[in-house]
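Text of model06.cif (mmCIF, C-alpha atoms) as supplied:
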```
data_work
#
loop_
_atom_site.label_atom_id
_atom_site.label_comp_id
_atom_site.auth_asym_id
_atom_site.auth_seq_id
_atom_site.Cartn_x
_atom_site.Cartn_y
_atom_site.Cartn_z
CA MET A 279 54.07 -9.43 -46.63
CA PHE A 280 50.60 -10.83 -47.21
CA PHE A 281 52.07 -14.27 -47.71
CA LYS A 282 54.15 -13.96 -44.54
CA LEU A 283 51.01 -13.03 -42.60
CA SER A 284 49.23 -16.08 -43.98
CA LYS A 285 52.14 -18.28 -42.99
CA GLY A 286 52.17 -16.71 -39.54
CA PHE A 287 48.48 -17.31 -39.15
CA ALA A 288 48.90 -20.91 -40.24
CA LEU A 289 51.70 -21.45 -37.74
CA LEU A 290 49.68 -19.87 -34.96
CA CYS A 291 46.76 -22.02 -35.97
CA VAL A 292 48.84 -25.21 -35.87
CA LEU A 293 50.37 -24.35 -32.51
CA THR A 294 47.12 -23.26 -30.92
CA PHE A 295 45.05 -26.19 -32.09
CA GLY A 296 47.93 -28.60 -31.62
CA ASN A 297 48.30 -27.57 -28.03
CA LEU A 298 44.57 -27.52 -27.42
CA VAL A 299 44.01 -30.98 -28.86
CA SER A 300 47.15 -32.30 -27.20
CA PHE A 301 45.88 -30.94 -23.89
CA MET A 302 42.50 -32.53 -24.46
CA VAL A 303 44.09 -35.86 -25.39
CA ASN A 304 46.76 -36.00 -22.73
CA SER A 305 45.30 -34.32 -19.69
CA GLU A 306 43.86 -36.58 -17.05
CA GLU A 307 40.18 -36.01 -16.54
CA LEU A 308 39.42 -34.70 -13.10
CA PRO A 309 36.93 -36.83 -11.24
CA ILE A 310 33.51 -35.24 -10.97
CA ALA A 311 32.23 -35.35 -7.44
CA THR A 312 28.89 -37.12 -7.21
CA SER A 313 27.03 -38.62 -4.29
CA GLN A 314 28.89 -41.95 -4.80
CA ASN A 315 32.57 -41.81 -5.43
CA LEU A 316 35.57 -44.07 -5.47
CA ILE A 317 38.67 -42.08 -6.34
CA ALA A 318 42.20 -43.38 -6.84
CA GLN A 319 44.99 -40.92 -6.30
CA PRO A 320 47.22 -41.13 -8.30
CA ALA A 321 45.23 -42.89 -11.02
CA LEU A 322 48.31 -43.53 -13.18
CA CYS A 323 51.48 -45.46 -12.46
CA VAL A 324 54.42 -44.92 -14.82
CA ALA A 325 57.09 -47.59 -15.24
CA LEU A 326 60.36 -47.13 -17.09
CA HIS A 327 59.76 -49.86 -19.64
CA GLN A 328 56.73 -51.40 -21.26
CA GLY A 329 55.77 -54.68 -19.66
CA ARG A 330 57.61 -53.90 -16.44
CA LYS A 331 55.76 -54.01 -13.13
CA CYS A 332 54.89 -50.54 -11.85
CA PHE A 333 54.99 -49.66 -8.17
CA THR A 334 53.26 -46.82 -6.39
CA LYS A 335 51.29 -46.00 -3.27
CA VAL A 336 47.68 -45.21 -4.13
CA THR A 337 45.04 -43.68 -1.87
CA LEU A 338 41.57 -45.04 -2.53
CA THR A 339 38.93 -42.67 -1.21
CA TRP A 340 35.23 -43.45 -1.25
CA ASN A 341 31.99 -41.88 -0.12
CA VAL A 342 28.30 -42.77 -0.45
CA GLU A 343 25.07 -41.13 0.71
CA ALA A 344 23.76 -43.71 3.18
CA ILE A 345 25.66 -45.33 6.03
CA GLY A 346 26.24 -49.06 5.63
CA ASP A 347 28.78 -51.85 5.28
CA PHE A 348 31.07 -51.52 2.25
CA CYS A 349 34.14 -53.20 0.80
CA ILE A 350 36.67 -52.30 -1.89
CA TYR A 351 37.67 -55.19 -4.13
CA GLN A 352 40.26 -55.48 -6.82
CA LYS A 353 38.66 -56.82 -10.00
CA ASN A 354 40.47 -59.43 -12.15
CA PRO A 355 41.78 -61.16 -10.15
CA ARG A 356 39.17 -60.46 -7.49
CA ARG A 357 40.82 -59.65 -4.21
CA LYS A 358 39.53 -57.89 -1.14
CA VAL A 359 41.35 -54.64 -0.38
CA LYS A 360 39.49 -53.43 2.72
CA CYS A 361 36.03 -53.41 4.35
CA TRP A 362 34.27 -50.89 6.58
CA GLN A 363 31.22 -51.27 8.81
CA GLN A 364 28.65 -48.59 9.37
CA SER A 365 30.39 -45.92 7.35
CA ASN A 366 29.53 -43.65 4.44
CA GLY A 367 33.07 -42.75 3.48
CA ASN A 368 36.69 -43.48 4.18
CA SER A 369 40.06 -44.00 2.54
CA THR A 370 42.81 -46.59 2.45
CA LEU A 371 46.39 -46.67 1.28
CA LEU A 372 47.15 -49.32 -1.28
CA GLU A 373 50.53 -50.65 -2.41
CA PHE A 374 49.94 -50.82 -6.16
CA GLU A 375 52.11 -53.33 -8.00
CA SER A 376 51.08 -54.32 -11.51
CA SER A 377 52.21 -54.28 -15.12
CA GLU A 378 48.69 -53.56 -16.34
CA LYS A 379 45.63 -51.48 -15.55
CA LEU A 380 43.71 -52.62 -12.48
CA THR A 381 40.10 -51.85 -11.62
CA PHE A 382 38.81 -51.41 -8.08
CA GLN A 383 35.18 -51.69 -7.07
CA LEU A 384 33.19 -50.44 -4.12
CA VAL A 385 30.47 -52.96 -3.22
CA ASN A 386 27.82 -53.02 -0.49
CA LYS A 387 26.90 -55.76 1.94
CA LYS A 388 24.81 -57.54 -0.73
CA ASN A 389 27.80 -57.47 -3.04
CA ASP A 390 26.12 -54.97 -5.36
CA LEU A 391 28.54 -52.80 -7.32
CA ILE A 392 28.24 -49.19 -6.20
CA VAL A 393 31.04 -47.54 -8.15
CA GLU A 394 34.40 -48.46 -9.63
CA THR A 395 37.65 -46.79 -10.57
CA ALA A 396 40.86 -47.86 -12.29
CA ILE A 397 44.56 -47.30 -11.92
CA ASP A 398 46.26 -47.22 -15.29
CA VAL A 399 49.82 -48.32 -16.06
CA SER A 400 51.94 -46.49 -18.59
CA TRP A 401 55.64 -46.43 -19.42
CA VAL A 402 58.38 -44.16 -20.73
CA HIS A 403 60.26 -46.54 -23.01
CA LYS A 404 58.53 -48.96 -25.31
CA ALA A 405 59.85 -52.50 -25.25
CA THR A 406 62.57 -52.82 -27.87
CA PRO A 407 63.97 -56.01 -29.31
CA ARG A 408 67.47 -54.57 -29.39
CA LYS A 409 69.47 -55.09 -26.24
CA ARG A 410 71.83 -52.30 -25.38
CA ARG A 411 74.99 -51.77 -23.47
CA TRP A 412 76.22 -48.45 -22.25
CA ARG A 413 78.60 -46.95 -19.85
CA LEU A 414 78.11 -43.57 -18.28
CA PHE A 415 81.32 -41.68 -19.16
CA MET B 6 42.29 -15.16 -48.64
CA ILE B 7 39.34 -16.23 -46.50
CA LYS B 8 39.29 -19.53 -48.38
CA ILE B 9 42.99 -20.05 -47.66
CA LYS B 10 42.51 -19.34 -43.97
CA LEU B 11 39.50 -21.64 -43.85
CA LEU B 12 41.48 -24.37 -45.59
CA LEU B 13 44.36 -23.95 -43.13
CA LEU B 14 41.96 -24.05 -40.20
CA ILE B 15 40.40 -27.28 -41.49
CA CYS B 16 43.86 -28.73 -42.06
CA CYS B 17 44.79 -27.85 -38.48
CA LEU B 18 41.66 -29.40 -37.08
CA ILE B 19 42.06 -32.55 -39.11
CA SER B 20 45.82 -33.02 -38.96
CA THR B 21 46.39 -32.40 -35.26
CA PRO B 22 44.23 -35.25 -33.97
CA ILE B 23 45.79 -37.52 -36.59
CA PHE B 24 49.25 -36.55 -35.39
CA SER B 25 48.24 -37.16 -31.79
CA ALA B 26 46.78 -40.51 -32.69
CA GLU B 27 49.91 -41.48 -34.59
CA LYS B 28 51.99 -40.69 -31.56
CA GLU B 29 50.02 -43.29 -29.69
CA LEU B 30 50.65 -45.90 -32.36
CA GLU B 31 53.39 -48.46 -32.15
CA LYS B 32 56.88 -47.04 -32.55
CA GLU B 33 57.85 -50.38 -33.93
CA ALA B 34 56.65 -51.63 -37.25
CA THR B 35 57.34 -54.77 -39.16
CA LEU B 36 58.53 -54.00 -42.65
CA PHE B 37 59.48 -56.79 -45.03
CA ASP B 38 59.76 -59.16 -42.05
CA GLN B 39 62.42 -56.97 -40.50
CA THR B 40 62.11 -54.82 -37.42
CA PHE B 41 62.22 -51.09 -37.67
CA ASN B 42 62.20 -48.94 -34.58
CA TRP B 43 63.25 -45.52 -33.47
CA GLN B 44 63.35 -43.25 -30.51
CA VAL B 45 64.31 -39.62 -30.02
CA MET B 46 65.20 -38.15 -26.66
CA ALA B 47 66.49 -34.84 -25.37
CA GLY B 48 68.43 -34.56 -22.16
CA PHE B 49 69.87 -31.96 -19.88
CA SER B 50 72.15 -32.57 -16.94
CA ALA B 51 74.26 -31.06 -14.26
CA ILE B 52 77.68 -32.67 -14.43
CA TYR B 53 80.84 -32.82 -12.43
CA ASN B 54 83.26 -33.91 -15.10
CA PRO B 55 86.84 -32.82 -14.44
CA PHE B 56 89.09 -32.52 -17.47
CA ILE B 57 91.77 -35.14 -17.79
CA LEU B 58 94.21 -32.35 -18.68
CA THR B 59 96.14 -30.94 -15.78
CA ASP B 60 95.49 -27.26 -15.01
CA VAL B 61 92.23 -27.26 -17.00
CA LYS B 62 89.48 -26.83 -14.46
CA GLN B 63 85.71 -27.03 -14.59
CA GLU B 64 84.94 -23.45 -13.56
CA GLU B 65 82.29 -21.69 -15.62
CA PRO B 66 78.60 -22.49 -15.02
CA ARG B 67 78.39 -23.80 -18.59
CA ASP B 68 81.07 -26.38 -17.75
CA PHE B 69 78.63 -27.93 -15.29
CA LEU B 70 75.66 -28.10 -17.65
CA ALA B 71 75.09 -30.34 -20.64
CA PHE B 72 72.32 -30.62 -23.21
CA SER B 73 71.95 -33.40 -25.70
CA LEU B 74 69.81 -34.81 -28.46
CA LEU B 75 69.71 -38.59 -28.43
CA VAL B 76 68.59 -40.61 -31.42
CA ASP B 77 68.05 -44.35 -31.70
CA PHE B 78 67.27 -45.91 -35.04
CA TYR B 79 67.24 -49.52 -36.15
CA TYR B 80 66.42 -50.95 -39.54
CA LYS B 81 67.27 -54.32 -41.05
CA GLY B 82 70.32 -54.86 -38.89
CA PHE B 83 71.67 -51.31 -39.24
CA PHE B 84 71.51 -49.20 -36.14
CA LEU B 85 72.32 -45.77 -34.85
CA GLN B 86 72.16 -45.62 -31.11
CA SER B 87 73.04 -42.86 -28.72
CA ASN B 88 74.04 -43.32 -25.15
CA ASP B 89 71.11 -42.02 -23.15
CA ARG B 90 73.07 -42.32 -19.93
CA ARG B 91 75.61 -39.88 -21.21
CA VAL B 92 75.09 -36.18 -21.45
CA GLU B 93 77.18 -35.14 -24.42
CA GLY B 94 74.77 -36.47 -27.00
CA LEU B 95 74.98 -38.11 -30.33
CA PHE B 96 78.56 -37.48 -31.37
CA GLN B 97 80.24 -38.24 -28.06
CA GLY B 98 78.25 -41.33 -27.19
CA GLY B 99 76.67 -42.37 -30.48
CA GLU B 100 77.34 -45.60 -32.31
CA LEU B 101 76.68 -46.53 -35.89
CA GLY B 102 76.67 -50.22 -36.49
CA TYR B 103 75.48 -53.33 -38.24
CA GLN B 104 74.29 -56.46 -36.54
CA LEU B 105 76.34 -59.35 -37.97
CA LEU B 106 74.90 -62.04 -35.72
CA ASP B 107 72.09 -61.82 -33.23
CA LYS B 108 71.41 -64.91 -31.14
CA ASN B 109 69.29 -65.29 -28.03
CA ASP B 110 72.10 -64.76 -25.59
CA TRP B 111 74.89 -63.25 -27.64
CA ALA B 112 75.49 -60.94 -30.57
CA LEU B 113 78.26 -59.79 -32.87
CA ASP B 114 78.15 -56.26 -34.27
CA ILE B 115 80.42 -54.15 -36.39
CA ILE B 116 80.66 -50.71 -34.81
CA ALA B 117 81.84 -47.26 -35.81
CA LYS B 118 82.01 -44.77 -32.97
CA PRO B 119 84.12 -42.13 -31.28
CA TYR B 120 86.09 -44.19 -28.77
CA LEU B 121 88.05 -41.25 -27.42
CA PRO B 122 87.30 -37.54 -27.15
CA GLY B 123 89.80 -35.18 -28.71
CA PHE B 124 90.84 -31.76 -27.51
CA MET B 125 91.97 -28.50 -29.04
CA PRO B 126 94.39 -26.74 -26.69
CA ASP B 127 94.05 -23.32 -28.34
CA ASP B 128 90.25 -23.43 -28.09
CA ILE B 129 90.43 -24.49 -24.44
CA ILE B 130 92.77 -21.59 -23.65
CA LYS B 131 90.49 -19.17 -25.54
CA SER B 132 87.38 -20.41 -23.75
CA LYS B 133 89.09 -20.18 -20.35
CA ASN B 134 90.45 -16.75 -21.24
CA LYS B 135 93.74 -17.32 -19.44
CA ASN B 136 97.16 -18.83 -20.04
CA ILE B 137 97.46 -22.55 -19.37
CA PRO B 138 101.20 -23.25 -19.82
CA SER B 139 100.80 -27.03 -19.56
CA ILE B 140 98.80 -27.20 -22.81
CA GLU B 141 99.94 -24.03 -24.58
CA GLY B 142 101.46 -24.79 -27.97
CA LEU B 143 100.22 -28.38 -28.09
CA LYS B 144 98.85 -29.66 -31.37
CA ASP B 145 95.16 -30.58 -31.62
CA ARG B 146 94.18 -34.12 -30.72
CA ASN B 147 91.38 -35.34 -32.98
CA ILE B 148 88.37 -37.30 -31.82
CA GLY B 149 89.28 -40.98 -31.79
CA PHE B 150 86.82 -42.42 -34.27
CA GLY B 151 87.27 -46.12 -34.66
CA ILE B 152 85.83 -49.19 -36.32
CA GLY B 153 85.52 -52.32 -34.30
CA LEU B 154 83.88 -55.63 -33.69
CA ARG B 155 81.71 -56.04 -30.62
CA TYR B 156 80.86 -59.31 -29.01
CA SER B 157 78.02 -59.06 -26.50
CA LYS B 158 76.88 -61.74 -24.11
CA TYR B 159 73.47 -61.29 -22.52
CA TYR B 160 72.44 -62.64 -19.14
CA ASP B 161 69.07 -62.27 -17.41
CA ASP B 162 69.98 -59.01 -15.67
CA ALA B 163 73.44 -58.32 -17.01
CA ILE B 164 75.45 -57.80 -20.14
CA PHE B 165 79.09 -58.37 -20.93
CA SER B 166 80.63 -56.87 -24.01
CA PHE B 167 84.01 -56.86 -25.67
CA ASP B 168 85.02 -54.36 -28.36
CA LEU B 169 88.14 -54.75 -30.44
CA ALA B 170 88.64 -51.62 -32.47
CA THR B 171 91.18 -49.77 -34.54
CA LEU B 172 91.24 -46.00 -34.51
CA ARG B 173 91.58 -43.94 -37.67
CA PRO B 174 95.19 -43.33 -38.75
CA SER B 175 95.22 -39.65 -37.75
CA THR B 176 94.67 -40.66 -34.12
CA GLY B 177 97.51 -43.09 -33.75
CA ARG B 178 96.51 -46.08 -35.88
CA GLY B 179 96.40 -48.16 -32.77
CA LEU B 180 94.31 -50.94 -31.32
CA LEU B 181 91.89 -50.65 -28.48
CA ALA B 182 90.18 -53.41 -26.50
CA ASP B 183 87.21 -52.49 -24.35
CA LEU B 184 85.63 -54.89 -21.87
CA TYR B 185 82.48 -53.87 -20.04
CA TYR B 186 80.12 -55.60 -17.63
CA SER B 187 76.85 -54.08 -16.51
CA HIS B 188 74.45 -55.57 -14.00
CA LEU B 189 70.89 -54.32 -13.70
CA ILE B 190 69.13 -54.20 -10.34
CA LEU B 191 65.39 -53.52 -10.37
CA TYR B 192 64.08 -51.82 -7.27
CA ARG B 193 60.43 -50.71 -7.50
CA ASN B 194 60.35 -48.24 -10.42
CA TRP B 195 64.11 -47.72 -10.33
CA ASP B 196 66.62 -49.20 -12.76
CA ILE B 197 70.00 -49.34 -11.06
CA TYR B 198 73.01 -50.34 -13.16
CA LEU B 199 76.31 -51.39 -11.64
CA GLY B 200 79.08 -51.32 -14.21
CA ALA B 201 82.73 -52.20 -14.47
CA GLY B 202 84.96 -51.54 -17.46
CA LEU B 203 88.51 -52.05 -18.61
CA THR B 204 89.89 -50.41 -21.73
CA LEU B 205 93.33 -51.34 -23.05
CA TYR B 206 95.06 -48.91 -25.40
CA SER B 207 98.04 -49.62 -27.62
CA ASP B 208 101.10 -47.38 -27.21
CA SER B 209 100.45 -45.40 -30.40
CA ILE B 210 96.99 -44.33 -29.19
CA ILE B 211 98.21 -43.18 -25.79
CA ASP B 212 101.20 -41.51 -27.40
CA TYR B 213 98.95 -39.59 -29.78
CA TYR B 214 96.69 -38.28 -27.01
CA VAL B 215 99.00 -37.65 -24.05
CA GLY B 216 102.50 -38.02 -25.50
CA ILE B 217 104.65 -34.91 -25.94
CA ASP B 218 106.48 -34.61 -29.25
CA HIS B 219 109.85 -32.92 -29.73
CA ASP B 220 108.17 -29.84 -31.17
CA GLU B 221 105.84 -29.60 -28.16
CA VAL B 222 108.57 -29.57 -25.52
CA THR B 223 108.79 -26.42 -23.38
CA PRO B 224 110.78 -25.62 -20.20
CA THR B 225 107.80 -26.79 -18.14
CA ARG B 226 106.70 -29.63 -20.42
CA ALA B 227 109.16 -32.45 -20.96
CA ARG B 228 109.24 -34.85 -23.87
CA TYR B 229 107.00 -37.84 -23.16
CA LYS B 230 106.85 -41.03 -25.16
CA ALA B 231 103.99 -43.16 -23.93
CA ARG B 232 103.70 -46.93 -23.66
CA SER B 233 100.53 -48.99 -23.86
CA GLY B 234 98.18 -48.55 -20.93
CA PHE B 235 94.67 -48.94 -19.62
CA ARG B 236 91.73 -47.28 -17.99
CA SER B 237 89.54 -49.10 -15.49
CA GLN B 238 86.13 -47.87 -14.42
CA LEU B 239 83.47 -48.57 -11.84
CA GLU B 240 80.10 -46.93 -12.09
CA ILE B 241 76.62 -46.74 -10.64
CA PHE B 242 73.76 -45.35 -12.67
CA ALA B 243 70.13 -45.01 -11.61
CA ARG B 244 67.04 -44.05 -13.56
CA HIS B 245 63.49 -43.36 -12.40
CA PRO B 246 60.39 -42.30 -14.33
CA ILE B 247 59.03 -38.85 -13.59
CA SER B 248 56.12 -38.98 -16.03
CA LYS B 249 55.22 -40.73 -19.29
CA SER B 250 57.84 -38.63 -21.11
CA TRP B 251 60.45 -37.72 -18.50
CA THR B 252 63.00 -39.74 -16.60
CA PHE B 253 65.35 -38.72 -13.83
CA ASN B 254 68.93 -39.99 -14.20
CA ALA B 255 71.85 -39.97 -11.84
CA GLY B 256 75.24 -41.61 -12.06
CA ILE B 257 78.75 -41.69 -10.71
CA THR B 258 81.83 -43.09 -12.41
CA GLN B 259 85.22 -43.67 -10.85
CA SER B 260 88.05 -44.04 -13.36
CA TYR B 261 91.63 -45.12 -12.83
CA TYR B 262 94.26 -44.38 -15.48
CA SER B 263 97.43 -46.43 -15.65
CA ASN B 264 100.93 -44.93 -15.38
CA ALA B 265 101.32 -44.72 -19.15
CA ILE B 266 98.52 -42.12 -19.14
CA SER B 267 98.87 -40.48 -15.75
CA ASN B 268 102.67 -40.01 -16.06
CA SER B 269 102.14 -37.66 -18.98
CA PRO B 270 102.98 -34.04 -18.09
CA ILE B 271 99.55 -33.00 -19.40
CA VAL B 272 97.62 -35.48 -17.22
CA ASN B 273 99.48 -36.11 -13.99
CA LYS B 274 96.63 -37.85 -12.20
CA HIS B 275 95.47 -41.45 -11.75
CA ASN B 276 91.91 -41.13 -10.42
CA PHE B 277 88.93 -39.24 -11.79
CA THR B 278 85.42 -39.07 -10.39
CA GLN B 279 82.55 -37.99 -12.61
CA ILE B 280 79.00 -37.31 -11.44
CA MET B 281 75.87 -36.67 -13.45
CA LEU B 282 72.35 -35.61 -12.42
CA GLY B 283 69.81 -34.99 -15.12
CA ALA B 284 66.54 -35.56 -16.88
CA VAL B 285 65.72 -37.02 -20.27
CA TYR B 286 62.60 -36.27 -22.32
CA VAL B 287 61.43 -39.12 -24.52
CA PHE B 288 59.54 -37.96 -27.63
#
```
Represent the supplied structure as structure tokens.
Amino acid sequence: MFFKLSKGFALLCVLTFGNLVSFMVNSEELPIATSQNLIAQPALCVALHQGRKCFTKVTLTWNVEAIGDFCIYQKNPRRKVKCWQQSNGNSTLLEFESSEKLTFQLVNKKNDLIVETAIDVSWVHKATPRKRRWRLF
Amino acid sequence: MIKIKLLLLICCLISTPIFSAEKELEKEATLFDQTFNWQVMAGFSAIYNPFILTDVKQEEPRDFLAFSLLVDFYYKGFFLQSNDRRVEGLFQGGELGYQLLDKNDWALDIIAKPYLPGFMPDDIIKSKNKNIPSIEGLKDRNIGFGIGLRYSKYYDDAIFSFDLATLRPSTGRGLLADLYYSHLILYRNWDIYLGAGLTLYSDSIIDYYVGIDHDEVTPTRARYKARSGFRSQLEIFARHPISKSWTFNAGITQSYYSNAISNSPIVNKHNFTQIMLGAVYVF
């Protein structure tokens, strides 16, 4: 009986801590609202296979304290996404299409980096060297 | 006791992050210059999969649901692969094989797999809980395990394969030739496969599965000696990621059975449509 209780405790311990750590590892961190934000929603694009281009529509939302002229750029390769004049916040819809993580930056008129965010790319199936052939039924 | 609990707690705290980290590691590893890789998946689906046997209907809710465990394993040319588009799992869609030749655009494998599903008339009648005169008194038909050679030809977005197999003696000792072409269309995050297949069966195989022996003849079931025949198939299958571990799958297959099969008193039908909607979890 005593042994069974110990085993039960151990199992509970494994499950509890397993789930807790798994949650901590896997859950996406929620963005913390500060006075300067650039938020991508969703921040993750999932493709079926590793190395495959991933497609999704992403909303980039930004806000700053002071009104001014701002632009969002894609970093590496640098590419302008959209600019706004005399604004302290706005959003834009982006057609995301990449096989790897992309970073986006909010810059001011002087080209100073204000804040940046990234859209990550993940996949369900890892690339496998073995080619397969299947039929459905 | 406190020491044991403390030890277990420490083990939990230490081992769990290690396990999580290992999960993130490569699923492929190079061992002795050979590739080793594996994958385990679990799937569930809603299916419309009418029985080939006449008078046996898909009626109960469980007939429309399927769960499966799918395992892929490859090591030094040996492989076990399950058909993750199918819903029946390892033993209905699984293949055990060895890679004899593997070139850039073609391969030759030796394969052992169940080429044909069997059926047990008594069990079907029991599960349906009613008389089904068309199959009552029939002998069991075993699963058609076979050993074959597979030639595969790979194209950029397509694959053609040809299996030549012999089934085990208890299922007719016949030959089977299976040709299959599958073309992949990529549309955004979708994988869409268009497939066409032709399977030729020798007379002994068809006779074993749908033939009616002298001792199986009844007033409503005539003697039937089958000839060689074929099955042709067209299919569309689509897959889309739901998350890092889940995919959505949907497919439809249209099959046509030749006269040698459809003329059997226990089949009596040429065309079959099968539909599958489901999800697969990738571990």
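Here CA of Tyr229 (chain B) stands at a distance of 4.7 Å from CA of Ile217 (chain B).
Nearest residue to Ala51 (chain B) among B:Ala255, B:Val272, B:Ala201, B:Ile115 is B:Ala255, counting only C-alpha atoms.
From CA of Ile392 (chain A) back to CA of Trp362 (chain A), the distance works out to 14.2 Å.
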- Which residues match the PyMOL selection byres ((chain A and resi 370) around 7) in the file above, as number ranges by chain? A: 337-339, 369, 371-372
Could those residues be written to a file, using C-alpha atoms, as a tab-separated table (two decimals), in the frame of the given file?
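Listed below is the output, part_4.tsv:
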```
chain	number	residue	atom	x	y	z
A	337	THR	CA	45.04	-43.68	-1.87
A	338	LEU	CA	41.57	-45.04	-2.53
A	339	THR	CA	38.93	-42.67	-1.21
A	369	SER	CA	40.06	-44.00	2.54
A	371	LEU	CA	46.39	-46.67	1.28
A	372	LEU	CA	47.15	-49.32	-1.28
```
- Excluding Asp114 (chain B) and any residue of its chain fewer than 6 positions from it, enumerate the residues within 9 Å of it, using all atoms listed in the file, and give them as JSON, numbers by chain. {"B": [102, 103, 104, 105, 106, 107, 153, 154, 155, 156, 157]}
- Item | Selection: 9 Å around Gly256 (chain B), all atoms listed in the file, excl. self and same-chain fewer than 4 positions, as a PyMOL selection string | (chain A and resi 414) or (chain B and resi 90+240-244+279-282)
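You can rank B:Ser233, B:Thr204, B:Asn147, B:Gln44 by their closest distance to chain A using only C-alpha atoms, and at the top of that list sits B:Gln44.
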Run through the PyMOL selection byres ((chain A and resi 320-334) around 9) on the given coordinates and return the selected residues as a JSON list (two decimals) with C-alpha atoms, in the coordinates of the input.
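So part_11.json came out as:
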```json
[["chain", "number", "residue", "atom", "x", "y", "z"],
["A", 306, "GLU", "CA", 43.86, -36.58, -17.05],
["A", 317, "ILE", "CA", 38.67, -42.08, -6.34],
["A", 318, "ALA", "CA", 42.20, -43.38, -6.84],
["A", 319, "GLN", "CA", 44.99, -40.92, -6.30],
["A", 335, "LYS", "CA", 51.29, -46.00, -3.27],
["A", 336, "VAL", "CA", 47.68, -45.21, -4.13],
["A", 337, "THR", "CA", 45.04, -43.68, -1.87],
["A", 338, "LEU", "CA", 41.57, -45.04, -2.53],
["A", 372, "LEU", "CA", 47.15, -49.32, -1.28],
["A", 373, "GLU", "CA", 50.53, -50.65, -2.41],
["A", 374, "PHE", "CA", 49.94, -50.82, -6.16],
["A", 375, "GLU", "CA", 52.11, -53.33, -8.00],
["A", 376, "SER", "CA", 51.08, -54.32, -11.51],
["A", 377, "SER", "CA", 52.21, -54.28, -15.12],
["A", 378, "GLU", "CA", 48.69, -53.56, -16.34],
["A", 379, "LYS", "CA", 45.63, -51.48, -15.55],
["A", 395, "THR", "CA", 37.65, -46.79, -10.57],
["A", 396, "ALA", "CA", 40.86, -47.86, -12.29],
["A", 397, "ILE", "CA", 44.56, -47.30, -11.92],
["A", 398, "ASP", "CA", 46.26, -47.22, -15.29],
["A", 399, "VAL", "CA", 49.82, -48.32, -16.06],
["A", 400, "SER", "CA", 51.94, -46.49, -18.59],
["A", 401, "TRP", "CA", 55.64, -46.43, -19.42],
["A", 402, "VAL", "CA", 58.38, -44.16, -20.73],
["A", 403, "HIS", "CA", 60.26, -46.54, -23.01],
["A", 404, "LYS", "CA", 58.53, -48.96, -25.31],
["A", 405, "ALA", "CA", 59.85, -52.50, -25.25],
["A", 406, "THR", "CA", 62.57, -52.82, -27.87],
["B", 193, "ARG", "CA", 60.43, -50.71, -7.50],
["B", 194, "ASN", "CA", 60.35, -48.24, -10.42],
["B", 195, "TRP", "CA", 64.11, -47.72, -10.33],
["B", 196, "ASP", "CA", 66.62, -49.20, -12.76],
["B", 244, "ARG", "CA", 67.04, -44.05, -13.56],
["B", 245, "HIS", "CA", 63.49, -43.36, -12.40],
["B", 246, "PRO", "CA", 60.39, -42.30, -14.33],
["B", 247, "ILE", "CA", 59.03, -38.85, -13.59],
["B", 248, "SER", "CA", 56.12, -38.98, -16.03],
["B", 249, "LYS", "CA", 55.22, -40.73, -19.29],
["B", 252, "THR", "CA", 63.00, -39.74, -16.60]]
```
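Distance check against chain A using only C-alpha atoms: of B:Arg146, B:Arg173, B:Lys62, B:Lys158, the minimum falls on B:Lys158.
Computed from the coordinates, the CA of Met125 (chain B) to CA of Ala47 (chain B) distance equals 26.5 Å.
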- Query: Applied to this file, what does the PyMOL selection byres ((chain A and resi 348-351) around 8) return in terms of residues, put as a ChimeraX atom specification?
  - Reply: /A:346-347,352-353,356-363,365,382-387
Radius query 7 Å about (97.2, -31.2, -30.2), atoms used: all atoms listed in the file, as a PDB file with C-alpha atoms, in the frame of the given file:
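Written output follows (result35.pdb):
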```pdb
ATOM      1  CA  PHE B 124      90.840 -31.760 -27.510  1.00  0.00           C
ATOM      2  CA  MET B 125      91.970 -28.500 -29.040  1.00  0.00           C
ATOM      3  CA  PRO B 126      94.390 -26.740 -26.690  1.00  0.00           C
ATOM      4  CA  LEU B 143     100.220 -28.380 -28.090  1.00  0.00           C
ATOM      5  CA  LYS B 144      98.850 -29.660 -31.370  1.00  0.00           C
ATOM      6  CA  ASP B 145      95.160 -30.580 -31.620  1.00  0.00           C
ATOM      7  CA  ARG B 146      94.180 -34.120 -30.720  1.00  0.00           C
TER       8      ARG B 146
END
```
Ser237 (chain B): which residues within 10 Å, counting all atoms listed in the file, same-chain residues fewer than 4 positions away excluded, as a PDB file with C-alpha atoms, in the frame of the given file?
```pdb
ATOM      1  CA  ASP B 183      87.210 -52.490 -24.350  1.00  0.00           C
ATOM      2  CA  LEU B 184      85.630 -54.890 -21.870  1.00  0.00           C
ATOM      3  CA  TYR B 185      82.480 -53.870 -20.040  1.00  0.00           C
ATOM      4  CA  ALA B 201      82.730 -52.200 -14.470  1.00  0.00           C
ATOM      5  CA  GLY B 202      84.960 -51.540 -17.460  1.00  0.00           C
ATOM      6  CA  LEU B 203      88.510 -52.050 -18.610  1.00  0.00           C
ATOM      7  CA  THR B 204      89.890 -50.410 -21.730  1.00  0.00           C
ATOM      8  CA  LEU B 205      93.330 -51.340 -23.050  1.00  0.00           C
ATOM      9  CA  GLN B 259      85.220 -43.670 -10.850  1.00  0.00           C
ATOM     10  CA  SER B 260      88.050 -44.040 -13.360  1.00  0.00           C
ATOM     11  CA  TYR B 261      91.630 -45.120 -12.830  1.00  0.00           C
ATOM     12  CA  TYR B 262      94.260 -44.380 -15.480  1.00  0.00           C
ATOM     13  CA  SER B 263      97.430 -46.430 -15.650  1.00  0.00           C
ATOM     14  CA  ASN B 276      91.910 -41.130 -10.420  1.00  0.00           C
TER      15      ASN B 276
END
```
